[in-house]
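Colleague: Sharing model21.pdb below, PDB, C-alpha atoms, pLDDT in the B column:
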MODEL        1
ATOM      1  CA  MET A   1      41.536 -13.912 -34.219  1.00 53.00           C
ATOM      2  CA  ASN A   2      44.496 -12.978 -32.020  1.00 49.00           C
ATOM      3  CA  LYS A   3      44.898 -13.938 -28.391  1.00 42.00           C
ATOM      4  CA  VAL A   4      44.014 -10.485 -27.001  1.00 38.00           C
ATOM      5  CA  THR A   5      40.761 -10.305 -28.991  1.00 43.00           C
ATOM      6  CA  SER A   6      39.884 -13.824 -27.905  1.00 42.00           C
ATOM      7  CA  LEU A   7      40.399 -12.940 -24.238  1.00 36.00           C
ATOM      8  CA  ILE A   8      38.266  -9.809 -24.561  1.00 40.00           C
ATOM      9  CA  LEU A   9      35.420 -11.718 -26.229  1.00 41.00           C
ATOM     10  CA  SER A  10      35.646 -14.432 -23.582  1.00 37.00           C
ATOM     11  CA  ALA A  11      35.436 -11.836 -20.809  1.00 36.00           C
ATOM     12  CA  VAL A  12      32.416 -10.142 -22.425  1.00 38.00           C
ATOM     13  CA  LEU A  13      30.661 -13.483 -22.893  1.00 39.00           C
ATOM     14  CA  TYR A  14      31.389 -14.465 -19.304  1.00 33.00           C
ATOM     15  CA  THR A  15      29.959 -11.149 -18.060  1.00 36.00           C
ATOM     16  CA  ILE A  16      26.774 -11.598 -20.115  1.00 39.00           C
ATOM     17  CA  ILE A  17      26.296 -15.153 -18.833  1.00 34.00           C
ATOM     18  CA  LEU A  18      27.009 -14.112 -15.230  1.00 34.00           C
ATOM     19  CA  ASN A  19      24.562 -11.188 -15.404  1.00 44.00           C
ATOM     20  CA  THR A  20      21.890 -13.446 -16.931  1.00 41.00           C
ATOM     21  CA  ILE A  21      22.266 -16.021 -14.168  1.00 37.00           C
ATOM     22  CA  TYR A  22      22.321 -13.324 -11.508  1.00 46.00           C
ATOM     23  CA  ALA A  23      19.238 -11.626 -12.945  1.00 58.00           C
ATOM     24  CA  GLN A  24      17.337 -14.894 -12.648  1.00 59.00           C
ATOM     25  CA  ASP A  25      17.968 -14.825  -8.889  1.00 84.00           C
ATOM     26  CA  ILE A  26      16.393 -11.400  -8.401  1.00 94.00           C
ATOM     27  CA  GLN A  27      12.913 -11.628  -6.884  1.00 96.00           C
ATOM     28  CA  ARG A  28      10.571  -9.198  -8.638  1.00 97.00           C
ATOM     29  CA  VAL A  29       7.310  -7.569  -7.641  1.00 97.00           C
ATOM     30  CA  ARG A  30       5.535  -5.845 -10.532  1.00 98.00           C
ATOM     31  CA  ILE A  31       2.841  -3.295  -9.704  1.00 97.00           C
ATOM     32  CA  ASP A  32       0.263  -1.787 -12.075  1.00 97.00           C
ATOM     33  CA  PHE A  33      -1.141   1.687 -11.481  1.00 97.00           C
ATOM     34  CA  GLU A  34      -4.136   3.321 -13.188  1.00 96.00           C
ATOM     35  CA  THR A  35      -4.511   7.105 -13.133  1.00 95.00           C
ATOM     36  CA  PRO A  36      -7.798   9.014 -12.786  1.00 94.00           C
ATOM     37  CA  ASP A  37      -7.740   9.642 -16.552  1.00 91.00           C
ATOM     38  CA  GLY A  38      -7.318   5.954 -17.396  1.00 92.00           C
ATOM     39  CA  CYS A  39      -3.578   5.868 -18.172  1.00 92.00           C
ATOM     40  CA  SER A  40      -1.384   3.149 -16.701  1.00 94.00           C
ATOM     41  CA  ARG A  41       2.085   2.773 -15.264  1.00 95.00           C
ATOM     42  CA  GLN A  42       3.981  -0.384 -14.272  1.00 96.00           C
ATOM     43  CA  LEU A  43       6.483  -0.300 -11.424  1.00 97.00           C
ATOM     44  CA  LEU A  44       9.143  -2.878 -10.595  1.00 98.00           C
ATOM     45  CA  LEU A  45      10.560  -3.689  -7.164  1.00 98.00           C
ATOM     46  CA  GLY A  46      13.508  -6.081  -7.184  1.00 97.00           C
ATOM     47  CA  PHE A  47      14.992  -7.944  -4.218  1.00 97.00           C
ATOM     48  CA  THR A  48      18.665  -8.738  -4.802  1.00 95.00           C
ATOM     49  CA  PRO A  49      20.507 -11.792  -3.469  1.00 87.00           C
ATOM     50  CA  ASN A  50      23.274 -11.154  -0.933  1.00 89.00           C
ATOM     51  CA  ASN A  51      21.927  -7.598  -0.379  1.00 93.00           C
ATOM     52  CA  ALA A  52      23.651  -6.360  -3.516  1.00 93.00           C
ATOM     53  CA  ALA A  53      21.403  -3.260  -3.493  1.00 95.00           C
ATOM     54  CA  THR A  54      20.146  -1.060  -0.665  1.00 95.00           C
ATOM     55  CA  ASP A  55      17.020   0.954   0.164  1.00 94.00           C
ATOM     56  CA  GLY A  56      18.861   4.050  -1.064  1.00 94.00           C
ATOM     57  CA  PHE A  57      20.000   4.859  -4.588  1.00 95.00           C
ATOM     58  CA  ASP A  58      22.097   2.126  -6.224  1.00 95.00           C
ATOM     59  CA  TYR A  59      23.628   2.679  -9.644  1.00 93.00           C
ATOM     60  CA  GLY A  60      22.616  -0.086 -12.030  1.00 92.00           C
ATOM     61  CA  TYR A  61      19.651  -1.210  -9.918  1.00 95.00           C
ATOM     62  CA  ASP A  62      17.343   1.825  -9.775  1.00 96.00           C
ATOM     63  CA  GLY A  63      15.637   3.361 -12.800  1.00 95.00           C
ATOM     64  CA  LEU A  64      14.559   7.006 -12.768  1.00 95.00           C
ATOM     65  CA  ALA A  65      11.120   7.887 -14.046  1.00 93.00           C
ATOM     66  CA  PRO A  66      11.796   8.857 -17.685  1.00 87.00           C
ATOM     67  CA  ASP A  67       9.180  11.623 -17.669  1.00 85.00           C
ATOM     68  CA  MET A  68       7.633  13.708 -14.893  1.00 86.00           C
ATOM     69  CA  LEU A  69       4.072  12.916 -15.930  1.00 90.00           C
ATOM     70  CA  PRO A  70       1.274  15.022 -14.425  1.00 91.00           C
ATOM     71  CA  ASN A  71      -0.569  11.884 -13.259  1.00 95.00           C
ATOM     72  CA  ASP A  72       1.742   9.144 -12.057  1.00 96.00           C
ATOM     73  CA  LEU A  73       2.844   6.790  -9.295  1.00 97.00           C
ATOM     74  CA  ASN A  74       6.547   6.257  -8.581  1.00 97.00           C
ATOM     75  CA  TRP A  75       8.920   4.740  -6.073  1.00 97.00           C
ATOM     76  CA  LEU A  76      10.486   7.407  -3.887  1.00 96.00           C
ATOM     77  CA  ILE A  77      14.223   7.148  -3.240  1.00 95.00           C
ATOM     78  CA  GLU A  78      15.818  10.114  -1.496  1.00 90.00           C
ATOM     79  CA  GLU A  79      12.867  12.269  -2.674  1.00 87.00           C
ATOM     80  CA  ASN A  80      13.453  11.388  -6.342  1.00 94.00           C
ATOM     81  CA  ARG A  81      10.960   9.516  -8.545  1.00 96.00           C
ATOM     82  CA  TYR A  82      11.777   6.047  -9.936  1.00 97.00           C
ATOM     83  CA  VAL A  83       9.948   3.359 -11.900  1.00 97.00           C
ATOM     84  CA  ILE A  84      12.431   0.609 -10.944  1.00 97.00           C
ATOM     85  CA  GLN A  85      13.795   0.119  -7.444  1.00 97.00           C
ATOM     86  CA  GLY A  86      16.359  -2.487  -6.453  1.00 97.00           C
ATOM     87  CA  VAL A  87      16.726  -3.278  -2.763  1.00 97.00           C
ATOM     88  CA  GLY A  88      18.353  -5.934  -0.599  1.00 96.00           C
ATOM     89  CA  ALA A  89      17.074  -9.386   0.289  1.00 95.00           C
ATOM     90  CA  PHE A  90      13.322  -9.748   0.820  1.00 96.00           C
ATOM     91  CA  GLU A  91      12.029  -8.910   4.321  1.00 94.00           C
ATOM     92  CA  ASN A  92       8.288  -8.932   4.902  1.00 93.00           C
ATOM     93  CA  THR A  93       8.566  -6.314   7.668  1.00 92.00           C
ATOM     94  CA  LYS A  94       9.706  -3.550   5.313  1.00 94.00           C
ATOM     95  CA  ARG A  95       7.555  -0.934   3.567  1.00 95.00           C
ATOM     96  CA  TYR A  96       8.549   0.907   0.396  1.00 97.00           C
ATOM     97  CA  PRO A  97       7.238   4.463  -0.155  1.00 96.00           C
ATOM     98  CA  LEU A  98       5.318   5.543  -3.228  1.00 97.00           C
ATOM     99  CA  GLY A  99       4.781   9.040  -4.534  1.00 95.00           C
ATOM    100  CA  LEU A 100       1.351   9.747  -5.998  1.00 96.00           C
ATOM    101  CA  TYR A 101       1.009  12.734  -8.314  1.00 95.00           C
ATOM    102  CA  VAL A 102      -2.369  13.744  -9.748  1.00 95.00           C
ATOM    103  CA  THR A 103      -3.535  16.945 -11.401  1.00 95.00           C
ATOM    104  CA  ILE A 104      -7.182  15.934 -11.645  1.00 93.00           C
ATOM    105  CA  PRO A 105      -9.297  14.423  -8.854  1.00 91.00           C
ATOM    106  CA  GLY A 106     -10.679  10.964  -9.443  1.00 92.00           C
ATOM    107  CA  THR A 107     -10.244   7.258  -8.818  1.00 92.00           C
ATOM    108  CA  ILE A 108      -6.865   5.534  -8.719  1.00 94.00           C
ATOM    109  CA  LYS A 109      -6.182   1.807  -8.808  1.00 95.00           C
ATOM    110  CA  ILE A 110      -3.109  -0.129  -7.667  1.00 96.00           C
ATOM    111  CA  GLU A 111      -2.833  -3.854  -8.268  1.00 96.00           C
ATOM    112  CA  LEU A 112      -0.291  -6.642  -8.310  1.00 96.00           C
ATOM    113  CA  HIS A 113       0.776  -7.543 -11.840  1.00 96.00           C
ATOM    114  CA  SER A 114       3.083 -10.486 -11.019  1.00 96.00           C
ATOM    115  CA  LEU A 115       5.557 -12.066  -8.626  1.00 96.00           C
ATOM    116  CA  GLU A 116       8.742 -13.608 -10.013  1.00 97.00           C
ATOM    117  CA  ASN A 117      11.364 -15.974  -8.559  1.00 95.00           C
ATOM    118  CA  PHE A 118       9.760 -16.343  -5.127  1.00 95.00           C
ATOM    119  CA  THR A 119       9.982 -19.900  -3.810  1.00 92.00           C
ATOM    120  CA  GLU A 120       6.923 -19.435  -1.583  1.00 90.00           C
ATOM    121  CA  ASN A 121       3.788 -17.341  -1.670  1.00 91.00           C
ATOM    122  CA  ILE A 122       4.006 -13.809  -0.279  1.00 94.00           C
ATOM    123  CA  ASN A 123       1.323 -11.238   0.463  1.00 94.00           C
ATOM    124  CA  VAL A 124       1.451  -7.771  -1.063  1.00 96.00           C
ATOM    125  CA  PHE A 125      -0.421  -4.837   0.487  1.00 94.00           C
ATOM    126  CA  VAL A 126      -1.005  -1.173  -0.224  1.00 94.00           C
ATOM    127  CA  TYR A 127      -0.575   0.641   3.080  1.00 91.00           C
ATOM    128  CA  ASP A 128      -2.471   3.930   3.369  1.00 89.00           C
ATOM    129  CA  SER A 129      -0.843   5.836   6.232  1.00 84.00           C
ATOM    130  CA  LEU A 130      -3.624   8.434   6.315  1.00 80.00           C
ATOM    131  CA  GLU A 131      -6.418   5.907   6.760  1.00 75.00           C
ATOM    132  CA  GLU A 132      -4.084   3.458   8.561  1.00 76.00           C
ATOM    133  CA  THR A 133      -5.303   0.602   6.372  1.00 82.00           C
ATOM    134  CA  TYR A 134      -3.682  -2.346   4.626  1.00 87.00           C
ATOM    135  CA  THR A 135      -5.308  -3.583   1.418  1.00 89.00           C
ATOM    136  CA  LYS A 136      -4.142  -6.940   0.073  1.00 90.00           C
ATOM    137  CA  ILE A 137      -3.700  -6.774  -3.709  1.00 93.00           C
ATOM    138  CA  ASN A 138      -2.718 -10.353  -4.559  1.00 92.00           C
ATOM    139  CA  ASN A 139      -6.167 -11.174  -5.927  1.00 89.00           C
ATOM    140  CA  ALA A 140      -7.851  -7.761  -5.923  1.00 87.00           C
ATOM    141  CA  PHE A 141      -6.894  -4.158  -6.538  1.00 89.00           C
ATOM    142  CA  TYR A 142      -6.631  -1.166  -4.241  1.00 92.00           C
ATOM    143  CA  GLU A 143      -9.020   1.606  -5.235  1.00 90.00           C
ATOM    144  CA  ASN A 144      -9.422   5.053  -3.774  1.00 89.00           C
ATOM    145  CA  THR A 145     -10.781   8.457  -4.720  1.00 87.00           C
ATOM    146  CA  THR A 146      -8.166  11.191  -4.467  1.00 89.00           C
ATOM    147  CA  ASP A 147      -7.951  14.937  -4.718  1.00 89.00           C
ATOM    148  CA  ALA A 148      -5.434  16.607  -7.001  1.00 92.00           C
ATOM    149  CA  GLY A 149      -1.987  17.076  -5.498  1.00 91.00           C
ATOM    150  CA  ALA A 150       1.299  15.400  -4.615  1.00 93.00           C
ATOM    151  CA  PHE A 151       1.150  12.693  -1.942  1.00 93.00           C
ATOM    152  CA  GLN A 152       4.633  11.593  -0.886  1.00 89.00           C
ATOM    153  CA  ASN A 153       4.122  10.230   2.609  1.00 82.00           C
ATOM    154  CA  ARG A 154       0.810   8.422   2.306  1.00 89.00           C
ATOM    155  CA  TYR A 155       1.092   5.250   0.206  1.00 95.00           C
ATOM    156  CA  PHE A 156       3.495   2.340   0.643  1.00 96.00           C
ATOM    157  CA  ILE A 157       3.915  -1.190  -0.652  1.00 97.00           C
ATOM    158  CA  ALA A 158       4.060  -3.578   2.299  1.00 96.00           C
ATOM    159  CA  PHE A 159       4.249  -7.335   2.751  1.00 96.00           C
ATOM    160  CA  LYS A 160       2.870  -7.858   6.225  1.00 90.00           C
ATOM    161  CA  GLU A 161      -0.229  -6.579   7.968  1.00 83.00           C
ATOM    162  CA  PRO A 162       0.020  -5.871  11.709  1.00 74.00           C
ATOM    163  CA  SER A 163      -1.920  -8.432  13.689  1.00 60.00           C
ATOM    164  CA  LEU A 164      -5.238  -7.309  15.099  1.00 44.00           C
ATOM    165  CA  SER A 165      -6.008  -7.800  18.769  1.00 42.00           C
ATOM    166  CA  SER A 166      -8.950  -6.869  20.946  1.00 40.00           C
ATOM    167  CA  ASP A 167      -6.749  -4.634  23.088  1.00 40.00           C
ATOM    168  CA  ASP A 168      -5.682  -2.584  20.076  1.00 41.00           C
ATOM    169  CA  PHE A 169      -9.253  -1.746  19.133  1.00 39.00           C
ATOM    170  CA  SER A 170     -11.026  -1.302  22.442  1.00 44.00           C
ATOM    171  CA  ASN A 171     -11.983   1.957  24.095  1.00 45.00           C
ATOM    172  CA  THR A 172     -14.353   1.835  27.036  1.00 41.00           C
ATOM    173  CA  GLU A 173     -15.121   5.557  26.991  1.00 48.00           C
ATOM    174  CA  ASN A 174     -16.418   5.503  23.412  1.00 53.00           C
ATOM    175  CA  ASP A 175     -18.793   2.589  23.077  1.00 67.00           C
ATOM    176  CA  ILE A 176     -19.492   1.422  19.520  1.00 74.00           C
ATOM    177  CA  LYS A 177     -22.148  -1.239  19.127  1.00 74.00           C
ATOM    178  CA  TYR A 178     -23.879  -2.976  16.251  1.00 74.00           C
ATOM    179  CA  LEU A 179     -27.657  -3.325  16.587  1.00 75.00           C
ATOM    180  CA  ARG A 180     -28.325  -6.509  14.674  1.00 72.00           C
ATOM    181  CA  ASN A 181     -32.116  -6.249  14.668  1.00 73.00           C
ATOM    182  CA  SER A 182     -32.179  -2.826  13.033  1.00 77.00           C
ATOM    183  CA  GLY A 183     -28.909  -3.105  11.107  1.00 78.00           C
ATOM    184  CA  GLU A 184     -27.546   0.067  12.698  1.00 78.00           C
ATOM    185  CA  LEU A 185     -24.238   1.125  14.145  1.00 76.00           C
ATOM    186  CA  LEU A 186     -24.619   2.913  17.486  1.00 77.00           C
ATOM    187  CA  LEU A 187     -22.024   5.272  18.936  1.00 74.00           C
ATOM    188  CA  ASP A 188     -22.574   6.352  22.525  1.00 67.00           C
ATOM    189  CA  ASN A 189     -19.900   9.012  22.892  1.00 61.00           C
ATOM    190  CA  ASN A 190     -19.140  10.091  26.446  1.00 58.00           C
ATOM    191  CA  SER A 191     -15.901  12.048  26.109  1.00 54.00           C
ATOM    192  CA  ILE A 192     -15.311  13.417  22.594  1.00 55.00           C
ATOM    193  CA  GLU A 193     -16.620  16.913  21.855  1.00 57.00           C
ATOM    194  CA  HIS A 194     -17.079  16.201  18.167  1.00 68.00           C
ATOM    195  CA  ILE A 195     -16.080  13.683  15.518  1.00 74.00           C
ATOM    196  CA  THR A 196     -14.830  14.976  12.196  1.00 76.00           C
ATOM    197  CA  GLU A 197     -14.989  11.664  10.328  1.00 80.00           C
ATOM    198  CA  LEU A 198     -16.153   8.087  10.766  1.00 82.00           C
ATOM    199  CA  SER A 199     -15.012   5.233   8.541  1.00 84.00           C
ATOM    200  CA  ILE A 200     -15.724   1.500   8.558  1.00 84.00           C
ATOM    201  CA  PHE A 201     -13.217  -0.929   7.035  1.00 82.00           C
ATOM    202  CA  ASN A 202     -13.157  -4.656   6.556  1.00 77.00           C
ATOM    203  CA  VAL A 203     -10.040  -6.586   7.599  1.00 68.00           C
ATOM    204  CA  GLN A 204      -8.709  -6.359   4.026  1.00 63.00           C
ATOM    205  CA  GLY A 205      -8.520  -2.581   4.472  1.00 70.00           C
ATOM    206  CA  GLN A 206     -11.366  -1.714   2.093  1.00 76.00           C
ATOM    207  CA  ARG A 207     -13.455   1.241   3.238  1.00 80.00           C
ATOM    208  CA  LEU A 208     -17.144   0.359   3.314  1.00 84.00           C
ATOM    209  CA  LEU A 209     -18.652   3.480   4.875  1.00 83.00           C
ATOM    210  CA  HIS A 210     -17.493   7.052   5.317  1.00 83.00           C
ATOM    211  CA  LYS A 211     -19.280   9.901   7.114  1.00 81.00           C
ATOM    212  CA  THR A 212     -18.108  13.392   8.028  1.00 79.00           C
ATOM    213  CA  GLN A 213     -19.005  16.102  10.562  1.00 67.00           C
ATOM    214  CA  LEU A 214     -20.837  13.893  13.027  1.00 68.00           C
ATOM    215  CA  GLN A 215     -20.766  16.444  15.837  1.00 62.00           C
ATOM    216  CA  THR A 216     -23.029  14.689  18.326  1.00 62.00           C
ATOM    217  CA  LYS A 217     -22.415  12.554  21.374  1.00 59.00           C
ATOM    218  CA  ARG A 218     -24.803   9.798  20.292  1.00 65.00           C
ATOM    219  CA  PHE A 219     -25.882   8.745  16.831  1.00 69.00           C
ATOM    220  CA  LYS A 220     -26.959   5.775  14.720  1.00 75.00           C
ATOM    221  CA  LEU A 221     -25.910   4.876  11.189  1.00 76.00           C
ATOM    222  CA  ASP A 222     -27.449   2.370   8.821  1.00 80.00           C
ATOM    223  CA  PHE A 223     -24.967  -0.438   8.204  1.00 78.00           C
ATOM    224  CA  LYS A 224     -26.875  -3.489   7.059  1.00 76.00           C
ATOM    225  CA  THR A 225     -24.712  -6.504   6.302  1.00 73.00           C
ATOM    226  CA  ASN A 226     -25.196 -10.231   5.950  1.00 66.00           C
ATOM    227  CA  SER A 227     -21.551 -11.002   6.668  1.00 64.00           C
ATOM    228  CA  ASN A 228     -20.519 -12.459   9.995  1.00 65.00           C
ATOM    229  CA  THR A 229     -17.048 -10.989  10.195  1.00 74.00           C
ATOM    230  CA  ILE A 230     -14.766  -8.402  11.788  1.00 77.00           C
ATOM    231  CA  TYR A 231     -14.979  -4.709  10.938  1.00 81.00           C
ATOM    232  CA  ILE A 232     -12.825  -1.811  12.068  1.00 82.00           C
ATOM    233  CA  VAL A 233     -14.437   1.483  12.983  1.00 82.00           C
ATOM    234  CA  LYS A 234     -12.193   4.557  12.902  1.00 82.00           C
ATOM    235  CA  LEU A 235     -13.266   7.839  14.461  1.00 78.00           C
ATOM    236  CA  LYS A 236     -11.222  10.881  13.503  1.00 76.00           C
ATOM    237  CA  THR A 237     -11.262  13.670  16.073  1.00 73.00           C
ATOM    238  CA  PRO A 238      -9.296  16.908  16.591  1.00 70.00           C
ATOM    239  CA  ASN A 239      -7.107  14.985  19.059  1.00 69.00           C
ATOM    240  CA  GLY A 240      -6.370  11.973  16.853  1.00 69.00           C
ATOM    241  CA  VAL A 241      -7.906   8.723  15.632  1.00 72.00           C
ATOM    242  CA  ILE A 242      -9.810   6.249  17.775  1.00 74.00           C
ATOM    243  CA  SER A 243     -10.186   2.720  16.420  1.00 75.00           C
ATOM    244  CA  LYS A 244     -12.283  -0.181  17.550  1.00 76.00           C
ATOM    245  CA  LYS A 245     -12.866  -3.687  16.282  1.00 75.00           C
ATOM    246  CA  ILE A 246     -16.463  -4.877  16.100  1.00 77.00           C
ATOM    247  CA  ILE A 247     -17.603  -8.408  15.358  1.00 72.00           C
ATOM    248  CA  ILE A 248     -20.900  -8.762  13.540  1.00 70.00           C
TER     249      ILE A 248
ENDMDL
END
Render the structure in this file as C-alpha cells.
Modeller:
Amino acid sequence: MNKVTSLILSAVLYTIILNTIYAQDIQRVRIDFETPDGCSRQLLLGFTPNNAATDGFDYGYDGLAPDMLPNDLNWLIEENRYVIQGVGAFENTKRYPLGLYVTIPGTIKIELHSLENFTENINVFVYDSLEETYTKINNAFYENTTDAGAFQNRYFIAFKEPSLSSDDFSNTENDIKYLRNSGELLLDNNSIEHITELSIFNVQGQRLLHKTQLQTKRFKLDFKTNSNTIYIVKLKTPNGVISKKIII
C-alpha cells in the first residue's frame, strides 16, 4: 500500500468515525402515523448539536418523501413533503408543521414511537390549530376523524403546552355552568346570535363532546362525568371562538 492510498483510507476512516460519533449526539423524535385505511408511516425529527441544521431545507439532514402517497403525513419544509427533518438545537417553544393528505375520510392516529439521546424527559404534543388543542402523545396517541383533503396548516408537533389561566377562559357575557345534580352543561347566552359548534376538551386536548348548530340563547347538554377535573368548553361562532375553563 503506497503512502497516498494510506492517507486516503485514513481520511475515509476518520470521516466514518466522526460521522458516527456526531450521529450519536443528534436527539431524535420518531413519530408513527396511521392512515384511515390502516397503513402506517414513521417520521423522524432530529435536533442537531451546535445548530448544524436549520428549520429550512438542509442538504444531508432532510429526507424527501420517496413517494407522494394518497394517504400520508409528512413534515413540511418550504411547502415540500419530507419524512426526515433535521433542525437546530432542541427548543421546547418551537412547533414543526405537518402536512396531512387523505383521499378517504376516516380516523387518523399519531403517536410517539421513541425519543433518543435526550438527557431528560420531554413532552411531545400534537397541536391542532383548528381546534386549538394540544394532545400529549408520550403515553397515548392522538386520534381524530378527518374528511378527505390536504391539510397543510392544521397539525404541528409541539413540545410545550401554553399554560392555562382563569383569565384566558373567562367570559362574563356567556355564562357556562355545570349542573352537578343533573349532570348537565348549561349555557346562558346573552350576546351571541347563534353558535355553530360546541366542543368540550379535557386538559390533554382530547375532545369529549361535540355538537353543531346550537342556534339558541340558552340550552342544556347532558355531560355526566365522575371526574373532578378541569374541562375546556369552546364555542365556535361566526365571529370567532369563545373558550372557557370549567372545573367539575
Colleague: Between A:Thr237, A:Leu98, A:Gly46, A:Asn74, which is the closest to Gly60 (chain A) once you count all atoms listed in the file?
Modeller: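 With all atoms listed in the file as the atom set, the closest residue is A:Gly46.
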Colleague: Check what the PyMOL selection byres ((chain A and resi 81-84) around 8) selects in the file above and give those residues as a tab-separated table (two decimals) with C-alpha atoms, in the frame of the given file.
Modeller:
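result07.tsv was written with the following content:
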chain	number	residue	atom	x	y	z
A	42	GLN	CA	3.98	-0.38	-14.27
A	43	LEU	CA	6.48	-0.30	-11.42
A	44	LEU	CA	9.14	-2.88	-10.60
A	45	LEU	CA	10.56	-3.69	-7.16
A	46	GLY	CA	13.51	-6.08	-7.18
A	61	TYR	CA	19.65	-1.21	-9.92
A	62	ASP	CA	17.34	1.82	-9.78
A	63	GLY	CA	15.64	3.36	-12.80
A	64	LEU	CA	14.56	7.01	-12.77
A	65	ALA	CA	11.12	7.89	-14.05
A	74	ASN	CA	6.55	6.26	-8.58
A	75	TRP	CA	8.92	4.74	-6.07
A	76	LEU	CA	10.49	7.41	-3.89
A	77	ILE	CA	14.22	7.15	-3.24
A	79	GLU	CA	12.87	12.27	-2.67
A	80	ASN	CA	13.45	11.39	-6.34
A	85	GLN	CA	13.80	0.12	-7.44
A	86	GLY	CA	16.36	-2.49	-6.45
A	99	GLY	CA	4.78	9.04	-4.53
Colleague: Return as JSON the box centre and box size in Å, one decimal, for an axis-aligned box around all listed atoms of region 177-187 of chain A padded by 6 Å per side.
Modeller:
{"center_x": -27.1, "center_y": -0.6, "center_z": 15.1, "size_x": 22.2, "size_y": 23.8, "size_z": 20.0}
Colleague: Which polymer residues have any atom within 8 Å of an atom of Gly106 (chain A), counting all atoms listed in the file, with same-chain residues fewer than 2 positions away left out, as a compact mmCIF listing (two decimals) with C-alpha atoms, keeping the file's coordinate frame?
Modeller:
# COMPACT_ATOMS: atom_id res chain seq x y z
CA PRO A 36 -7.80 9.01 -12.79
CA ASP A 37 -7.74 9.64 -16.55
CA ILE A 104 -7.18 15.93 -11.64
CA ILE A 108 -6.86 5.53 -8.72
CA THR A 145 -10.78 8.46 -4.72
CA THR A 146 -8.17 11.19 -4.47
CA ASP A 147 -7.95 14.94 -4.72
Colleague: Report, in Å to a single decimal, how far apart CA of Arg207 (chain A) and CA of Asp32 (chain A) are.
Modeller: 20.8 Å
Colleague: Write out as a PyMOL selection string which residues come within 12 Å of Asn202 (chain A) when counting only C-alpha atoms, dropping same-chain ones fewer than 6 positions away.
Modeller: chain A and resi 133-136+164+208-209+225+227-234+244-248
Colleague: Could you save those same residues with C-alpha atoms as a short mmCIF file (atom, residue, chain, number, x, y, z; two decimals), keeping the file's coordinate frame?
Modeller:
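Result went into again.cif, see below:
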data_model
loop_
_atom_site.label_atom_id
_atom_site.label_comp_id
_atom_site.auth_asym_id
_atom_site.auth_seq_id
_atom_site.Cartn_x
_atom_site.Cartn_y
_atom_site.Cartn_z
CA THR A 133 -5.30 0.60 6.37
CA TYR A 134 -3.68 -2.35 4.63
CA THR A 135 -5.31 -3.58 1.42
CA LYS A 136 -4.14 -6.94 0.07
CA LEU A 164 -5.24 -7.31 15.10
CA LEU A 208 -17.14 0.36 3.31
CA LEU A 209 -18.65 3.48 4.88
CA THR A 225 -24.71 -6.50 6.30
CA SER A 227 -21.55 -11.00 6.67
CA ASN A 228 -20.52 -12.46 9.99
CA THR A 229 -17.05 -10.99 10.20
CA ILE A 230 -14.77 -8.40 11.79
CA TYR A 231 -14.98 -4.71 10.94
CA ILE A 232 -12.82 -1.81 12.07
CA VAL A 233 -14.44 1.48 12.98
CA LYS A 234 -12.19 4.56 12.90
CA LYS A 244 -12.28 -0.18 17.55
CA LYS A 245 -12.87 -3.69 16.28
CA ILE A 246 -16.46 -4.88 16.10
CA ILE A 247 -17.60 -8.41 15.36
CA ILE A 248 -20.90 -8.76 13.54
#
Colleague: Which residue out of A:Phe201, A:Phe151, A:Phe33, A:Phe90 has the minimum interatomic distance to Asn117 (chain A) when all atoms listed in the file are used?
Modeller: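 Smallest separation from Asn117 (chain A) among the options: A:Phe90.
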Colleague: Determine the residue set returned by the PyMOL selection byres ((chain A and resi 137) around 7) for the present structure, and present it as number ranges by chain.
Modeller: A: 111-112, 124-125, 135-136, 138-142
Colleague: Decode the PyMOL selection byres ((chain A and resi 49-52) around 6) for the given file into explicit residues and return them as a list in words.
Modeller: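 On the file shown, the PyMOL selection byres ((chain A and resi 49-52) around 6) covers Thr48, Ala53, Gly88 and Ala89 of chain A.
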Colleague: Just how far from CA of Asn71 (chain A) is CA of Arg28 (chain A), in Å to one decimal?
Modeller: 24.3 Å
Colleague: Hey, can you check how far CA of Arg30 (chain A) sits from CA of Asp72 (chain A)?
Modeller: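 Computed distance, CA of Arg30 (chain A) to CA of Asp72 (chain A), equals 15.5 Å.
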Colleague: When you count only C-alpha atoms, which of these residues is closest to Tyr155 (chain A): A:Leu179, A:Leu185, A:Ser114, A:Arg95?
Modeller: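 With only C-alpha atoms as the atom set, the closest residue is A:Arg95.
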Colleague: Hey, which of A:Ala150, A:Ile31, A:Ile26, A:Ala158 ends up closest to Leu69 (chain A)? Count all atoms listed in the file.
Modeller: A:Ala150
Colleague: Restricting the calculation to all atoms listed in the file: of A:Leu235, A:Arg154, A:Leu130, A:Leu187, which residue gets closest to His210 (chain A)?
Modeller: A:Leu235
Colleague: Measuring atom to atom with only C-alpha atoms, identify which of A:Ser40, A:Ser182, A:Thr212, A:Asn121 is nearest to Lys109 (chain A).
Modeller: A:Ser40
Colleague: Take region 240-246 of chain A, bring it up to N, CA and C atoms, and give me the output as a short mmCIF file (atom, residue, chain, number, x, y, z; two decimals), keeping the file's coordinate frame.
Modeller:
data_model
loop_
_atom_site.label_atom_id
_atom_site.label_comp_id
_atom_site.auth_asym_id
_atom_site.auth_seq_id
_atom_site.Cartn_x
_atom_site.Cartn_y
_atom_site.Cartn_z
N GLY A 240 -6.95 13.20 17.40
CA GLY A 240 -6.37 11.97 16.85
C GLY A 240 -7.43 11.01 16.36
N VAL A 241 -7.02 9.76 16.17
CA VAL A 241 -7.91 8.72 15.63
C VAL A 241 -8.15 7.67 16.69
N ILE A 242 -9.42 7.33 16.87
CA ILE A 242 -9.81 6.25 17.77
C ILE A 242 -10.31 5.09 16.92
N SER A 243 -9.79 3.90 17.19
CA SER A 243 -10.19 2.72 16.42
C SER A 243 -10.76 1.66 17.34
N LYS A 244 -11.72 0.92 16.79
CA LYS A 244 -12.28 -0.18 17.55
C LYS A 244 -12.69 -1.29 16.61
N LYS A 245 -12.45 -2.51 17.03
CA LYS A 245 -12.87 -3.69 16.28
C LYS A 245 -14.24 -4.12 16.74
N ILE A 246 -15.14 -4.34 15.78
CA ILE A 246 -16.46 -4.88 16.10
C ILE A 246 -16.66 -6.18 15.33
#
